[in-house]
Structures are given as C-alpha cells and as structure tokens.
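Enquirer: Below you'll find the structure I mean.
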Amino acid sequence: MRQWHVRDLMTGDVVSVREDTRYREILRALDRNRVSALPVVDAQDRVVGVVSEADLLRAERDCEERPRALPRLPRPPRPPDRAGTARELMTAPAVTIGPEEPVARAARLIEDKGVKRLPVVDGERRLLGIVSRRDLVRMHVRADADIREDITDGVLKHTLWVDPSQVDVGDGVVELRGRVDRRTTAAFAVRLAEQVPGVVGVVDRLAWDEEGTAPPDVIVHPS
C-alpha cells in the first residue's frame with residue numbers, strides 16, 4: 001500500500017523572507033502572495049522562524065499602547081519600519097518537518113503545536129517547501145478514481161496479492177466484493193482500505209475459502 005509522505009503534499013514554491021526584512025516589506029509580501037505567514041530564513045536559507053499576520057498585529061498593538069496616565073497628544077507620523085525586522089517579529093524556533101516524514105506525523109505536529117503550517121526542511125534545515133492544515137484536509141477530499149487506484153494497486157494487488165477488480169468507490173465509500181483465500185486476508189483488505197486517504201467508509205462484501213464461512217451480506221466499517 002502506498003505510504004503518503006510530506007513531499008507528496010507540500011507546496012514547493014515557497015515565498016520566504018530574510019531575518020533583516022522590515023515590517024512593511026513583510027506586510028507587502030503577505031498581501032502580494034495571499035498568504036497569512038512566511039518562513040524566515042538566514043543567509044544559508046535555513047529556517048529560523050515563521051512570521052505571521054498575528055505577529056504583525058501584535059507588533060502593531062504594542063506600538064499603539066501607551067501609559068494611561070499620560071495625556072493623549074497628537075503624534076507625528078511614524079516611519080514605515082516602526083515595528084522592526086522579521087528577526088524581531090517572528091515566532092521562533094519554527095516547528096519544521098522533513099519531506100520523508102509520514103503525513104500522519106505532520107498532522108500530529110500541527111495539532112500538538114497549535115500551528116497552521118509546517119516549513120519542510122532538509123537535514124541542514126534549509127527550506128524545501130511548506131505543508132499546511134489545508135493541504136492535509138485536501139488530501140482527504142480525493143477523487144473516487146484515485147482512491148480506487150490506491151486500493152486496487154496498493155492494497156490488493158501489491159500488498160495482499162488478490163484480484164484487484166472487485167472494488168467500487170462512490171463518494172469516498174469503498175465496496176469490496178469477491179472471494180479471497182482466507183478470513184484473515186479479507187480482514188486485512190478491509191483494514192488497509194480504511195487507511196487509504198479519502199476513504200470515509202468500507203462496505204465489506206468479501207467471502208473467503210478457509211477459516212470460516214462467508215461474512216454477512218453487508219458490513220459497513222466507518223474509517
């Protein structure tokens with residue numbers, strides 16, 4: 001069965017900013033690229049942090065705060081770079097992941113660390129791409145034809161060595177039909193099919209030749 005890795009989902013063409021990039025230029029880069037955060041890299045393209053809209057808003061709020069006891073006096077216009085550089089604004093250290101890590105680990109990191117995206121880095125922490133919460137969601141909204149191919153080729157043909165022609169998929173629900181050699185083979189087929197990205201349920205219509213009798217007419221296994 002195909003193992004999904006971060007490299008299969010990540011966006012490789014990633015906009016980043018240097019540590020010395022100023023507030024205004026960060027703001028322009030976010031707006032120009034329609035993103036809510038950018039990796040911050042050093043001179044060797046190693047990821048050192050992430051700067052987000054939330055970081056900029058926090059800096060803006062800090063600039064606006066003043067002691068309440070002082071009278072409110074007119075202020076002269078502030079210079080464009082009043083809020084500092086990416087190095088001063090970013091959240092660091094960045095939570096990163098490698099391209100060969102399984103997608104499940106990326107999902108756990110995003111959930112455990114409370115972040116929306118993970119910069120993808122090589123062994124030297126150089127930026128390779130980015131994987132977001134949206135990428136993980138999109139992985140589970142897949143075409144039925146793609147799901148069927150993963151099950152017929154990855155699960156049945158190359159993992160269990162059984163006839164791959166007995167698979168139907170509709171709206172993410174997989175129906176497995178036909179006869180296999182053993183009860184355990186049928187159970188493995190259902191279990192592995194449930195793990196294929198995009199599968200929302202498995203209808204088990206499999207029969208087997210050994211270790212028991214044919215299963216009930218329909219058994220639905222929600223994934």
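Identifiers for the structure tokens are assigned positionally: chains receive A, B, ... in sequence, residues are indexed from 1 per chain, and ligands are indexed from 1 in the order shown.
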What residues in stretch 94-214 of chain A get the DSSP label strand (DSSP E or B)? Please answer as a compact mmCIF listing (two decimals) with all heavy atoms, in the first residue's frame.
Expert:
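Produced file part_33.txt, reproduced below:
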```txt
# COMPACT_ATOMS: atom_id res chain seq x y z
N ILE A 97 9.42 20.11 9.63
CA ILE A 97 9.30 18.67 9.37
C ILE A 97 10.10 18.34 8.12
O ILE A 97 10.33 19.21 7.27
CB ILE A 97 7.82 18.25 9.22
CG1 ILE A 97 7.68 16.73 9.33
CG2 ILE A 97 7.24 18.78 7.91
CD1 ILE A 97 6.25 16.27 9.53
N PRO A 102 6.10 10.71 7.41
CA PRO A 102 4.72 10.36 7.03
C PRO A 102 3.76 11.51 7.30
O PRO A 102 3.98 12.32 8.20
CB PRO A 102 4.41 9.15 7.92
CG PRO A 102 5.38 9.23 9.04
CD PRO A 102 6.61 9.88 8.51
N ARG A 117 0.72 25.60 9.81
CA ARG A 117 1.58 25.18 8.70
C ARG A 117 2.94 24.76 9.24
O ARG A 117 3.33 25.18 10.35
CB ARG A 117 1.76 26.32 7.69
CG ARG A 117 2.45 27.51 8.30
CD ARG A 117 2.26 28.78 7.55
NE ARG A 117 0.87 29.19 7.49
CZ ARG A 117 0.23 29.80 8.48
NH1 ARG A 117 0.84 30.00 9.64
NH2 ARG A 117 -1.02 30.17 8.33
N LEU A 118 3.64 23.94 8.47
CA LEU A 118 4.98 23.48 8.85
C LEU A 118 5.94 23.73 7.70
O LEU A 118 5.73 23.21 6.60
CB LEU A 118 4.97 21.98 9.16
CG LEU A 118 4.09 21.48 10.30
CD1 LEU A 118 4.04 19.95 10.29
CD2 LEU A 118 4.59 21.99 11.64
N PRO A 119 7.00 24.51 7.90
CA PRO A 119 8.05 24.56 6.89
C PRO A 119 8.69 23.17 6.73
O PRO A 119 8.92 22.47 7.72
CB PRO A 119 9.06 25.56 7.46
CG PRO A 119 8.27 26.39 8.42
CD PRO A 119 7.24 25.45 9.00
N VAL A 120 8.93 22.78 5.49
CA VAL A 120 9.56 21.49 5.20
C VAL A 120 11.04 21.76 4.95
O VAL A 120 11.39 22.60 4.10
CB VAL A 120 8.91 20.82 3.99
CG1 VAL A 120 9.52 19.44 3.75
CG2 VAL A 120 7.39 20.69 4.19
N VAL A 121 11.91 21.06 5.65
CA VAL A 121 13.34 21.36 5.59
C VAL A 121 14.13 20.09 5.35
O VAL A 121 13.66 18.97 5.62
CB VAL A 121 13.81 22.04 6.89
CG1 VAL A 121 13.10 23.35 7.12
CG2 VAL A 121 13.60 21.12 8.10
N ARG A 126 17.50 23.66 5.70
CA ARG A 126 17.26 24.54 4.55
C ARG A 126 15.83 24.33 4.04
O ARG A 126 15.34 23.20 3.98
CB ARG A 126 18.27 24.29 3.43
CG ARG A 126 19.68 24.76 3.75
CD ARG A 126 20.58 24.65 2.53
NE ARG A 126 20.76 23.26 2.16
CZ ARG A 126 21.80 22.51 2.53
NH1 ARG A 126 22.73 23.03 3.30
NH2 ARG A 126 21.88 21.26 2.16
N LEU A 127 15.20 25.43 3.64
CA LEU A 127 13.79 25.41 3.26
C LEU A 127 13.58 24.67 1.94
O LEU A 127 14.22 24.98 0.93
CB LEU A 127 13.28 26.84 3.13
CG LEU A 127 11.80 27.02 2.79
CD1 LEU A 127 10.93 26.45 3.91
CD2 LEU A 127 11.48 28.50 2.56
N LEU A 128 12.67 23.70 1.95
CA LEU A 128 12.31 22.95 0.75
C LEU A 128 10.87 23.21 0.32
O LEU A 128 10.54 23.11 -0.86
CB LEU A 128 12.46 21.44 0.99
CG LEU A 128 13.84 20.92 1.37
CD1 LEU A 128 13.77 19.43 1.67
CD2 LEU A 128 14.84 21.19 0.25
N GLY A 129 10.01 23.53 1.26
CA GLY A 129 8.60 23.72 0.93
C GLY A 129 7.82 24.02 2.20
O GLY A 129 8.40 24.32 3.25
N ILE A 130 6.50 23.89 2.10
CA ILE A 130 5.64 24.11 3.25
C ILE A 130 4.42 23.21 3.13
O ILE A 130 3.93 22.96 2.02
CB ILE A 130 5.25 25.59 3.38
CG1 ILE A 130 4.78 25.91 4.80
CG2 ILE A 130 4.19 25.98 2.34
CD1 ILE A 130 4.82 27.38 5.13
N VAL A 131 3.95 22.67 4.24
CA VAL A 131 2.74 21.86 4.27
C VAL A 131 1.81 22.48 5.30
O VAL A 131 2.23 22.84 6.40
CB VAL A 131 3.04 20.38 4.60
CG1 VAL A 131 3.64 20.22 5.98
CG2 VAL A 131 1.79 19.53 4.46
N SER A 132 0.55 22.65 4.90
CA SER A 132 -0.40 23.37 5.74
C SER A 132 -1.54 22.47 6.18
O SER A 132 -1.74 21.37 5.66
CB SER A 132 -0.97 24.58 4.99
OG SER A 132 -1.80 24.14 3.92
N VAL A 167 -13.51 -3.87 -6.78
CA VAL A 167 -13.55 -2.66 -5.96
C VAL A 167 -14.42 -1.61 -6.65
O VAL A 167 -14.22 -1.30 -7.81
CB VAL A 167 -12.14 -2.07 -5.73
CG1 VAL A 167 -12.23 -0.80 -4.88
CG2 VAL A 167 -11.23 -3.09 -5.09
N ASP A 168 -15.40 -1.07 -5.90
CA ASP A 168 -16.19 0.06 -6.37
C ASP A 168 -16.06 1.18 -5.34
O ASP A 168 -16.01 0.92 -4.13
CB ASP A 168 -17.67 -0.32 -6.53
CG ASP A 168 -17.89 -1.24 -7.72
OD1 ASP A 168 -17.20 -1.05 -8.74
OD2 ASP A 168 -18.73 -2.15 -7.61
N VAL A 169 -16.01 2.43 -5.82
CA VAL A 169 -15.90 3.57 -4.91
C VAL A 169 -16.92 4.63 -5.33
O VAL A 169 -17.00 4.98 -6.51
CB VAL A 169 -14.49 4.19 -4.93
CG1 VAL A 169 -14.40 5.33 -3.91
CG2 VAL A 169 -13.43 3.15 -4.65
N GLY A 170 -17.69 5.12 -4.39
CA GLY A 170 -18.63 6.20 -4.63
C GLY A 170 -18.68 7.15 -3.46
O GLY A 170 -18.95 6.74 -2.33
N VAL A 173 -16.90 6.09 -0.35
CA VAL A 173 -17.28 4.81 0.27
C VAL A 173 -16.81 3.68 -0.65
O VAL A 173 -17.16 3.64 -1.83
CB VAL A 173 -18.79 4.71 0.49
CG1 VAL A 173 -19.15 3.35 1.07
CG2 VAL A 173 -19.25 5.82 1.44
N VAL A 174 -16.03 2.78 -0.10
CA VAL A 174 -15.43 1.68 -0.86
C VAL A 174 -16.24 0.41 -0.65
O VAL A 174 -16.59 0.07 0.49
CB VAL A 174 -13.97 1.44 -0.41
CG1 VAL A 174 -13.37 0.25 -1.15
CG2 VAL A 174 -13.15 2.70 -0.63
N GLU A 175 -16.53 -0.30 -1.73
CA GLU A 175 -17.18 -1.60 -1.64
C GLU A 175 -16.22 -2.67 -2.15
O GLU A 175 -15.75 -2.61 -3.30
CB GLU A 175 -18.47 -1.63 -2.46
CG GLU A 175 -19.22 -2.95 -2.37
CD GLU A 175 -20.52 -2.95 -3.14
OE1 GLU A 175 -21.17 -1.88 -3.20
OE2 GLU A 175 -20.89 -4.01 -3.69
N LEU A 176 -15.92 -3.62 -1.31
CA LEU A 176 -15.04 -4.73 -1.66
C LEU A 176 -15.89 -5.97 -1.89
O LEU A 176 -16.65 -6.38 -1.00
CB LEU A 176 -14.03 -4.99 -0.54
CG LEU A 176 -13.08 -3.84 -0.18
CD1 LEU A 176 -12.20 -4.23 1.00
CD2 LEU A 176 -12.21 -3.46 -1.37
N ARG A 177 -15.75 -6.57 -3.07
CA ARG A 177 -16.54 -7.76 -3.41
C ARG A 177 -15.62 -8.86 -3.90
O ARG A 177 -14.49 -8.62 -4.31
CB ARG A 177 -17.56 -7.42 -4.50
CG ARG A 177 -18.65 -6.46 -4.05
CD ARG A 177 -19.59 -6.10 -5.20
NE ARG A 177 -18.95 -5.18 -6.14
CZ ARG A 177 -18.47 -5.53 -7.32
NH1 ARG A 177 -18.53 -6.79 -7.72
NH2 ARG A 177 -17.92 -4.64 -8.10
N GLY A 178 -16.16 -10.08 -3.90
CA GLY A 178 -15.43 -11.22 -4.42
C GLY A 178 -15.03 -12.19 -3.33
O GLY A 178 -15.53 -12.14 -2.20
N ARG A 179 -14.14 -13.13 -3.68
CA ARG A 179 -13.73 -14.18 -2.77
C ARG A 179 -12.21 -14.18 -2.64
O ARG A 179 -11.50 -14.07 -3.63
CB ARG A 179 -14.21 -15.54 -3.29
CG ARG A 179 -13.89 -16.73 -2.37
CD ARG A 179 -14.56 -17.99 -2.86
NE ARG A 179 -16.01 -17.90 -2.73
CZ ARG A 179 -16.69 -18.19 -1.62
NH1 ARG A 179 -16.05 -18.63 -0.55
NH2 ARG A 179 -18.00 -18.09 -1.58
N VAL A 180 -11.75 -14.31 -1.41
CA VAL A 180 -10.32 -14.41 -1.15
C VAL A 180 -10.03 -15.74 -0.46
O VAL A 180 -10.95 -16.49 -0.13
CB VAL A 180 -9.82 -13.24 -0.28
CG1 VAL A 180 -9.97 -11.92 -1.03
CG2 VAL A 180 -10.58 -13.17 1.04
N ASP A 181 -8.74 -16.04 -0.27
CA ASP A 181 -8.39 -17.36 0.22
C ASP A 181 -8.71 -17.57 1.69
O ASP A 181 -9.14 -18.65 2.11
CB ASP A 181 -6.90 -17.64 -0.05
CG ASP A 181 -5.99 -16.61 0.60
OD1 ASP A 181 -6.50 -15.56 1.03
OD2 ASP A 181 -4.76 -16.85 0.67
N ARG A 182 -8.51 -16.54 2.52
CA ARG A 182 -8.64 -16.74 3.97
C ARG A 182 -9.44 -15.60 4.61
O ARG A 182 -9.52 -14.49 4.09
CB ARG A 182 -7.25 -16.78 4.62
CG ARG A 182 -6.41 -17.98 4.20
CD ARG A 182 -5.00 -17.88 4.78
NE ARG A 182 -4.20 -19.02 4.39
CZ ARG A 182 -4.16 -20.17 5.05
NH1 ARG A 182 -4.89 -20.31 6.15
NH2 ARG A 182 -3.42 -21.17 4.63
N GLY A 201 -15.55 5.23 4.41
CA GLY A 201 -16.15 4.01 4.91
C GLY A 201 -15.89 2.86 3.96
O GLY A 201 -15.58 3.07 2.78
N VAL A 202 -15.95 1.62 4.47
CA VAL A 202 -15.73 0.43 3.66
C VAL A 202 -16.92 -0.51 3.83
O VAL A 202 -17.29 -0.86 4.96
CB VAL A 202 -14.43 -0.30 4.07
CG1 VAL A 202 -14.26 -1.58 3.25
CG2 VAL A 202 -13.22 0.62 3.86
N VAL A 203 -17.52 -0.92 2.71
CA VAL A 203 -18.59 -1.92 2.71
C VAL A 203 -17.95 -3.26 2.38
O VAL A 203 -17.41 -3.46 1.29
CB VAL A 203 -19.68 -1.57 1.69
CG1 VAL A 203 -20.76 -2.65 1.66
CG2 VAL A 203 -20.29 -0.22 2.01
N ASP A 204 -18.00 -4.17 3.33
CA ASP A 204 -17.32 -5.46 3.20
C ASP A 204 -18.31 -6.51 2.66
O ASP A 204 -19.20 -6.97 3.37
CB ASP A 204 -16.80 -5.87 4.58
CG ASP A 204 -16.09 -7.23 4.55
OD1 ASP A 204 -15.96 -7.80 3.45
OD2 ASP A 204 -15.69 -7.69 5.63
N ARG A 205 -18.14 -6.91 1.40
CA ARG A 205 -18.92 -7.99 0.79
C ARG A 205 -18.01 -9.17 0.42
O ARG A 205 -18.33 -9.93 -0.49
CB ARG A 205 -19.66 -7.49 -0.45
CG ARG A 205 -20.73 -6.44 -0.17
CD ARG A 205 -21.46 -6.07 -1.46
NE ARG A 205 -22.46 -5.04 -1.26
CZ ARG A 205 -23.73 -5.26 -0.91
NH1 ARG A 205 -24.14 -6.50 -0.71
NH2 ARG A 205 -24.58 -4.27 -0.76
N LEU A 206 -16.89 -9.27 1.09
CA LEU A 206 -15.93 -10.31 0.77
C LEU A 206 -16.34 -11.65 1.36
O LEU A 206 -16.86 -11.72 2.49
CB LEU A 206 -14.54 -9.92 1.28
CG LEU A 206 -13.86 -8.72 0.59
CD1 LEU A 206 -12.62 -8.33 1.37
CD2 LEU A 206 -13.51 -9.08 -0.86
N ALA A 207 -16.07 -12.72 0.60
CA ALA A 207 -16.20 -14.09 1.11
C ALA A 207 -14.82 -14.72 1.11
O ALA A 207 -13.90 -14.24 0.46
CB ALA A 207 -17.16 -14.88 0.23
N TRP A 208 -14.64 -15.79 1.88
CA TRP A 208 -13.33 -16.46 1.92
C TRP A 208 -13.52 -17.97 1.87
O TRP A 208 -14.59 -18.50 2.12
CB TRP A 208 -12.56 -16.05 3.17
CG TRP A 208 -13.30 -16.25 4.46
CD1 TRP A 208 -13.39 -17.39 5.19
CD2 TRP A 208 -14.08 -15.27 5.15
NE1 TRP A 208 -14.16 -17.19 6.31
CE2 TRP A 208 -14.60 -15.91 6.31
CE3 TRP A 208 -14.38 -13.93 4.91
CZ2 TRP A 208 -15.40 -15.22 7.22
CZ3 TRP A 208 -15.18 -13.27 5.81
CH2 TRP A 208 -15.68 -13.91 6.95
N ASP A 209 -12.45 -18.67 1.53
CA ASP A 209 -12.49 -20.12 1.33
C ASP A 209 -12.10 -20.90 2.57
O ASP A 209 -12.50 -22.05 2.73
CB ASP A 209 -11.56 -20.52 0.18
CG ASP A 209 -12.02 -19.93 -1.15
OD1 ASP A 209 -13.24 -19.85 -1.34
OD2 ASP A 209 -11.17 -19.55 -1.96
N GLU A 210 -11.30 -20.33 3.44
CA GLU A 210 -10.83 -21.05 4.62
C GLU A 210 -11.08 -20.21 5.87
O GLU A 210 -11.38 -19.02 5.80
CB GLU A 210 -9.33 -21.34 4.52
CG GLU A 210 -8.96 -22.21 3.32
CD GLU A 210 -7.47 -22.46 3.24
OE1 GLU A 210 -6.78 -22.21 4.24
OE2 GLU A 210 -7.01 -22.90 2.19
```
Enquirer: Among stretch 2-221 of chain A, which residues carry a DSSP assignment of alpha helix (DSSP H), reported as a PyMOL selection string?
Expert: chain A and resi 6-9+23-33+53-64+86-89+103-113+133-139+144-149+183-194
Enquirer: Can you work out the spacing between atom CA of A:Thr11 and atom CA of A:Leu89 in Å, to one decimal?
Expert: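 Computing it gives 24.0 Å between the two atoms.
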Enquirer: Show which residues sit within 7 Å of A:Ala37, as a list in words. Count only C-alpha atoms, and ignore same-chain residues fewer than 6 positions away.
Expert: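 That gives Leu30, Val50, Val51, Ser52 and Glu53 of chain A.
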Enquirer: Between atom CA of A:Leu38 and atom CA of A:Val141, measure the distance and give it in Å to one decimal.
Expert: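 So the answer is 25.7 Å.
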